[in-house]
$ cat start_35.cif   # mmCIF, C-alpha atoms
data_upload
loop_
_atom_site.label_atom_id
_atom_site.label_comp_id
_atom_site.auth_asym_id
_atom_site.auth_seq_id
_atom_site.Cartn_x
_atom_site.Cartn_y
_atom_site.Cartn_z
CA MET G 1 38.98 -13.65 1.15
CA ILE G 2 35.78 -12.78 3.03
CA ASP G 3 37.12 -9.27 3.57
CA LEU G 4 37.66 -8.97 -0.17
CA VAL G 5 34.08 -10.02 -0.98
CA ALA G 6 32.66 -7.69 1.68
CA GLY G 7 34.78 -4.83 0.36
CA ILE G 8 33.55 -5.38 -3.19
CA VAL G 9 29.91 -5.49 -2.03
CA ILE G 10 30.41 -2.26 -0.05
CA LEU G 11 31.97 -0.59 -3.10
CA ILE G 12 29.02 -1.56 -5.30
CA GLY G 13 26.56 -0.35 -2.64
CA ALA G 14 28.37 2.95 -2.25
CA LEU G 15 28.39 3.46 -6.02
CA PHE G 16 24.64 2.84 -6.15
CA SER G 17 24.07 5.32 -3.30
CA LEU G 18 26.16 7.90 -5.14
CA ILE G 19 24.23 7.31 -8.37
CA ALA G 20 20.95 7.69 -6.47
CA GLY G 21 22.10 11.01 -5.01
CA ILE G 22 23.24 12.31 -8.41
CA GLY G 23 19.96 11.19 -9.96
CA LEU G 24 17.95 12.92 -7.25
CA PHE G 25 19.98 16.07 -7.91
CA ARG G 26 19.87 16.17 -11.69
CA LEU G 27 16.81 14.41 -13.08
CA PRO G 28 14.04 16.63 -14.44
CA ASP G 29 10.74 15.69 -12.74
CA ILE G 30 9.41 14.01 -9.62
CA PHE G 31 8.70 10.62 -11.21
CA VAL G 32 12.12 10.29 -12.81
CA ARG G 33 13.71 11.37 -9.52
CA MET G 34 11.73 8.70 -7.69
CA HIS G 35 13.06 6.19 -10.18
CA ALA G 36 16.61 7.03 -9.08
CA ALA G 37 15.98 7.42 -5.35
CA THR G 38 13.83 4.38 -4.68
CA LYS G 39 15.60 1.76 -6.76
CA ALA G 40 19.25 2.73 -6.62
CA GLY G 41 18.93 4.05 -3.05
CA THR G 42 17.35 0.85 -1.74
CA LEU G 43 19.98 -1.24 -3.48
CA GLY G 44 22.76 0.93 -2.02
CA ALA G 45 21.59 0.57 1.58
CA GLY G 46 20.70 -3.10 1.06
CA LEU G 47 24.13 -4.00 -0.29
CA VAL G 48 25.81 -2.43 2.75
CA LEU G 49 23.62 -4.61 4.99
CA LEU G 50 24.55 -7.61 2.82
CA ALA G 51 28.22 -6.78 3.29
CA ILE G 52 27.71 -6.92 7.07
CA ALA G 53 26.10 -10.33 6.72
CA VAL G 54 29.04 -11.55 4.62
CA ASP G 55 31.72 -10.09 6.88
CA SER G 56 30.54 -10.71 10.44
CA GLN G 57 30.64 -14.57 10.64
CA ASP G 58 28.24 -14.47 13.58
CA ILE G 59 24.85 -16.09 13.11
CA GLY G 60 23.02 -13.45 15.20
CA VAL G 61 24.49 -10.58 13.21
CA VAL G 62 23.83 -12.34 9.90
CA THR G 63 20.20 -12.87 10.88
CA ARG G 64 19.71 -9.24 11.86
CA ALA G 65 21.39 -7.96 8.72
CA ILE G 66 19.26 -10.19 6.50
CA ALA G 67 16.14 -9.15 8.45
CA GLY G 68 17.01 -5.49 7.86
CA LEU G 69 17.53 -6.20 4.16
CA VAL G 70 14.17 -8.00 3.89
CA PHE G 71 12.34 -5.18 5.69
CA LEU G 72 13.96 -2.67 3.35
CA LEU G 73 12.97 -4.63 0.24
CA LEU G 74 9.43 -5.12 1.55
CA THR G 75 8.70 -1.54 2.56
CA ALA G 76 10.50 0.64 -0.01
CA PRO G 77 8.35 -0.32 -3.04
CA VAL G 78 5.11 0.20 -1.09
CA ALA G 79 6.19 3.67 0.02
CA ALA G 80 7.32 4.53 -3.50
CA HIS G 81 4.03 3.38 -5.00
CA LEU G 82 1.96 5.47 -2.56
CA LEU G 83 4.17 8.48 -3.09
CA GLY G 84 4.03 8.21 -6.88
CA ARG G 85 0.25 7.93 -6.80
CA ALA G 86 -0.08 10.93 -4.50
CA ALA G 87 2.29 12.94 -6.69
CA TYR G 88 0.35 12.07 -9.83
CA LEU G 89 -2.99 12.93 -8.25
CA SER G 90 -1.65 16.27 -7.01
CA GLN G 91 -0.96 17.06 -10.67
CA ALA G 92 2.80 17.06 -10.40
CA GLU G 93 4.32 18.54 -13.50
CA LEU G 94 5.68 16.01 -15.98
CA TRP G 95 8.96 16.53 -17.79
CA SER G 96 8.43 18.41 -21.06
CA GLU G 97 9.88 15.49 -23.07
CA THR G 98 7.67 12.82 -21.49
CA SER G 99 6.27 10.92 -24.46
CA ILE G 100 3.65 8.66 -22.86
CA ASP G 101 1.30 9.44 -19.97
CA GLU G 102 -0.84 6.32 -19.84
CA LEU G 103 -2.86 7.62 -16.87
CA ALA G 104 -3.92 10.83 -18.63
CA GLY G 105 -7.67 11.16 -18.31
CA LYS G 106 -8.01 7.82 -16.56
CA TYR G 107 -8.76 9.19 -13.12
CA ASP G 108 -12.19 10.46 -12.06
CA ALA G 109 -12.39 14.18 -11.46
CA ASP G 110 -12.07 13.90 -7.71
CA GLY G 111 -9.12 11.53 -8.03
CA ARG G 112 -10.47 8.82 -5.79
CA ARG G 113 -10.60 5.98 -8.28
CA LEU G 114 -9.85 5.12 -11.87
CA ALA G 115 -12.59 6.33 -14.20
CA GLY G 116 -14.81 3.52 -15.40
CA THR G 117 -14.33 1.37 -12.32
CA PRO G 118 -17.80 0.12 -11.39
CA ALA G 119 -18.75 1.62 -8.06
CA SER G 120 -19.96 -1.83 -6.96
CA ARG G 121 -16.37 -3.03 -6.87
CA LEU G 122 -15.58 -0.41 -4.28
CA GLN G 123 -18.77 -0.39 -2.24
CA SER G 124 -19.68 -4.10 -2.00
CA GLY G 125 -22.36 -4.16 -4.65
CA THR G 126 -24.86 -1.64 -3.28
CA ASP G 127 -24.99 0.25 -6.59
CA ASP G 128 -26.11 -2.76 -8.62
CA ASN G 129 -29.80 -2.10 -7.90
CA ALA G 130 -29.56 1.61 -8.64
CA ASN G 131 -29.37 1.24 -12.44
CA PRO G 132 -30.83 -2.04 -13.64
CA GLY G 133 -30.15 -2.92 -17.27
CA MET F 1 46.15 -12.36 0.74
CA GLU F 2 44.57 -11.96 4.17
CA GLU F 3 46.31 -8.66 4.71
CA PHE F 4 45.42 -7.41 1.26
CA GLY F 5 41.76 -8.29 1.92
CA ALA F 6 41.71 -6.35 5.20
CA ARG F 7 43.35 -3.34 3.59
CA PHE F 8 40.95 -3.52 0.65
CA LEU F 9 38.00 -3.59 3.05
CA ASP F 10 39.32 -0.53 4.93
CA GLY F 11 39.84 1.35 1.67
CA SER F 12 36.42 0.54 0.35
CA ILE F 13 34.81 1.62 3.64
CA ILE F 14 36.55 4.99 3.37
CA PHE F 15 35.47 5.32 -0.26
CA ALA F 16 31.91 4.39 0.68
CA TYR F 17 31.84 7.05 3.43
CA GLY F 18 32.93 9.63 0.86
CA ALA F 19 30.38 8.54 -1.74
CA MET F 20 27.56 8.54 0.81
CA ILE F 21 28.49 11.98 2.11
CA ILE F 22 28.36 13.38 -1.44
CA SER F 23 25.02 11.64 -1.98
CA PHE F 24 23.81 13.06 1.35
CA ALA F 25 24.70 16.60 0.27
CA LEU F 26 22.90 16.20 -3.07
CA THR F 27 19.84 14.79 -1.30
CA VAL F 28 19.75 17.66 1.18
CA PHE F 29 19.93 20.07 -1.75
CA ARG F 30 16.85 18.41 -3.22
CA LEU F 31 15.14 18.49 0.18
CA LEU F 32 15.68 22.23 0.52
CA ARG F 33 15.10 23.13 -3.14
CA GLY F 34 12.46 20.60 -4.26
CA PRO F 35 9.80 22.55 -6.14
CA THR F 36 6.86 20.43 -4.92
CA PRO F 37 6.17 18.77 -1.54
CA SER F 38 6.46 15.37 -3.26
CA ASP F 39 10.08 16.13 -4.16
CA ARG F 40 10.85 16.86 -0.54
CA VAL F 41 9.21 13.61 0.57
CA VAL F 42 11.27 11.64 -1.94
CA ALA F 43 14.38 13.34 -0.55
CA LEU F 44 13.34 12.45 3.03
CA ASP F 45 12.86 8.83 2.00
CA MET F 46 16.32 8.87 0.45
CA LEU F 47 17.76 10.38 3.64
CA ALA F 48 16.39 7.45 5.65
CA LEU F 49 18.00 5.03 3.19
CA LEU F 50 21.31 6.88 3.44
CA GLY F 51 21.02 6.74 7.24
CA ILE F 52 20.69 2.97 7.06
CA GLY F 53 23.74 2.88 4.81
CA PHE F 54 25.75 5.04 7.20
CA ILE F 55 24.77 2.85 10.16
CA GLY F 56 25.82 -0.23 8.22
CA LEU F 57 29.18 1.28 7.30
CA PHE F 58 29.78 2.42 10.87
CA SER F 59 28.97 -0.96 12.36
CA ILE F 60 31.17 -2.79 9.86
CA SER F 61 34.11 -0.44 10.40
CA THR F 62 33.95 -0.51 14.21
CA GLY F 63 32.66 -4.06 14.72
CA GLU F 64 29.88 -2.61 16.89
CA TYR F 65 27.07 -4.71 15.48
CA ALA F 66 24.50 -3.52 18.05
CA PHE F 67 23.79 -0.61 15.68
CA LEU F 68 22.14 -3.04 13.28
CA ASP F 69 18.99 -2.90 15.40
CA VAL F 70 18.89 0.84 14.78
CA ALA F 71 19.11 0.19 11.04
CA ILE F 72 16.18 -2.24 11.18
CA ALA F 73 14.07 0.21 13.20
CA LEU F 74 14.97 3.01 10.78
CA ALA F 75 13.89 0.87 7.81
CA LEU F 76 10.47 0.30 9.38
CA VAL F 77 9.90 3.81 10.78
CA GLY F 78 11.16 5.53 7.64
CA PHE F 79 8.59 3.58 5.68
CA LEU F 80 5.80 4.77 7.99
CA ALA F 81 6.96 8.37 7.70
CA THR F 82 6.96 8.19 3.92
CA VAL F 83 3.47 6.67 3.85
CA ALA F 84 2.17 9.40 6.17
CA PHE F 85 3.70 12.14 4.01
CA ALA F 86 2.28 10.55 0.87
CA ARG F 87 -1.17 10.62 2.46
CA TYR F 88 -0.64 14.27 3.34
CA VAL F 89 0.24 15.15 -0.25
CA TYR F 90 -2.80 13.21 -1.47
CA LYS F 91 -5.21 14.87 0.99
CA ARG F 92 -3.86 18.28 0.08
CA ALA F 93 -4.47 17.56 -3.60
CA LEU F 94 -8.06 16.53 -2.82
CA ASP F 95 -8.67 19.68 -0.77
CA GLU F 96 -7.28 21.84 -3.58
CA HIS F 97 -9.63 20.07 -5.95
CA HIS F 98 -12.67 20.74 -3.77
CA LYS F 99 -11.76 24.39 -3.42
CA HIS F 100 -11.03 24.95 -7.13
CA PRO F 101 -12.69 22.19 -9.13
CA PRO F 102 -11.34 22.07 -12.70
CA VAL F 103 -13.82 22.45 -15.55
CA ASP F 104 -14.65 18.98 -16.85
CA PRO F 105 -15.05 19.09 -20.66
CA GLY F 106 -16.31 15.52 -20.86
CA ASP F 107 -19.44 16.14 -18.78
CA GLY F 108 -22.31 15.96 -21.23
CA ALA F 109 -25.13 15.59 -18.73
#
$ encode --input "start_35.cif" --output "structure tokens"
Amino acid sequence: MIDLVAGIVILIGALFSLIAGIGLFRLPDIFVRMHAATKAGTLGAGLVLLAIAVDSQDIGVVTRAIAGLVFLLLTAPVAAHLLGRAAYLSQAELWSETSIDELAGKYDADGRRLAGTPASRLQSGTDDNANPG
Amino acid sequence: MEEFGARFLDGSIIFAYGAMIISFALTVFRLLRGPTPSDRVVALDMLALLGIGFIGLFSISTGEYAFLDVAIALALVGFLATVAFARYVYKRALDEHHKHPPVDPGDGA
């Protein structure tokens, strides 16, 4: 019975890994590719770790597998966020059929912060005296 | 039932190896081809994830659970590598900007 559950979890994980690979191969631009690779890829690797936790019946192995899964779920979104931001700021080309680019024009020219962010929020209030009123 | 479960697990492990190898090949294609550096970094991130998956499959098919530690380390180190590459892409974009600043039409001052 446990073998059956572990096998099903492995199958689902493998399918997600395959979908992530196909998405990375076929999708049109960097942001859509990241959508496939980071979500489906993380789920694929995570489900394999979950299958180990289900199958092993050893508390040490279960703990390590769950720890690996937690680390994966903690770190993958952070890396994906940083990478997406870097890609956007390096003016990665958007797909020709992209309908909404909500960040268009929102970044300052040098790309360090969102346009319109008061400088005081970044530099602990030193700019407040510079332009009174 | 027990025997069917064990055979099902073996079959699904073999299927999963096949699926991950195909995914690996597609990812390596993107790594080699990727038009921008960001594409290559995404492919590297995906390769680390696939490595974790392979390690998991190997340890479940051989019962050699010591490899799980490698998977945990790979999850943490792969994250650091991706963050470092993202910083590299970002810095390069900033340098490009300072060398060739785009004309800013909204600058009325």
$ resolve_selection --input "start_35.cif" --expression "the PyMOL selection byres ((chain G) within 8 of (chain F))" --output "VMD selection string"
chain G and resid 1 to 4 6 to 8 10 to 11 13 to 15 17 to 22 24 to 25 30 33 to 34 37 to 38 41 to 42 44 to 46 48 to 49 52 55 to 56 61 64 to 65 67 to 68 71 to 72 75 to 76 79 82 to 83 86 to 87 89 to 92 109 to 111
$ atom_distance --input "start_35.cif" --atom1 "CA of Glu64 in chain F" --atom2 "CA of Gly60 in chain G"
12.9 Å
$ atom_distance --input "start_35.cif" --atom1 "CA of Ala40 in chain G" --atom2 "CA of Leu103 in chain G"
24.9 Å
$ atom_distance --input "start_35.cif" --atom1 "CA of Ala80 in chain G" --atom2 "CA of Leu44 in chain F"
11.9 Å
$ closest_residue --input "start_35.cif" --among "G:Leu27, G:Val32, G:Ile12, G:Val70" --to "Leu47 in chain G" --atoms "only C-alpha atoms"
G:Ile12
$ build_atoms --input "start_35.cif" --residues "range 29-45 of chain G" --atoms "N, CA and C atoms" --output "compact mmCIF listing (two decimals), in the frame of the given file"
# COMPACT_ATOMS: atom_id res chain seq x y z
N ASP G 29 12.02 15.55 -13.44
CA ASP G 29 10.74 15.69 -12.74
C ASP G 29 10.62 14.66 -11.63
N ILE G 30 9.53 14.78 -10.85
CA ILE G 30 9.41 14.01 -9.62
C ILE G 30 9.42 12.51 -9.89
N PHE G 31 8.80 12.06 -10.97
CA PHE G 31 8.70 10.62 -11.21
C PHE G 31 10.04 10.04 -11.61
N VAL G 32 10.80 10.77 -12.41
CA VAL G 32 12.12 10.29 -12.81
C VAL G 32 13.06 10.31 -11.60
N ARG G 33 12.88 11.33 -10.73
CA ARG G 33 13.71 11.37 -9.52
C ARG G 33 13.39 10.19 -8.61
N MET G 34 12.09 9.86 -8.51
CA MET G 34 11.73 8.70 -7.69
C MET G 34 12.33 7.44 -8.24
N HIS G 35 12.43 7.35 -9.56
CA HIS G 35 13.06 6.19 -10.18
C HIS G 35 14.49 6.01 -9.67
N ALA G 36 15.24 7.14 -9.57
CA ALA G 36 16.61 7.03 -9.08
C ALA G 36 16.62 6.73 -7.58
N ALA G 37 15.84 7.50 -6.80
CA ALA G 37 15.98 7.42 -5.35
C ALA G 37 15.49 6.09 -4.80
N THR G 38 14.38 5.57 -5.32
CA THR G 38 13.83 4.38 -4.68
C THR G 38 14.56 3.11 -5.09
N LYS G 39 14.96 3.01 -6.34
CA LYS G 39 15.60 1.76 -6.76
C LYS G 39 17.08 1.75 -6.39
N ALA G 40 17.82 2.73 -6.89
CA ALA G 40 19.25 2.73 -6.62
C ALA G 40 19.53 2.95 -5.13
N GLY G 41 18.71 3.80 -4.47
CA GLY G 41 18.93 4.05 -3.05
C GLY G 41 18.71 2.81 -2.21
N THR G 42 17.61 2.08 -2.49
CA THR G 42 17.35 0.85 -1.74
C THR G 42 18.46 -0.16 -1.95
N LEU G 43 18.91 -0.29 -3.19
CA LEU G 43 19.98 -1.24 -3.48
C LEU G 43 21.27 -0.84 -2.76
N GLY G 44 21.54 0.48 -2.70
CA GLY G 44 22.76 0.93 -2.02
C GLY G 44 22.76 0.56 -0.56
N ALA G 45 21.66 0.90 0.16
CA ALA G 45 21.59 0.57 1.58
C ALA G 45 21.54 -0.94 1.79
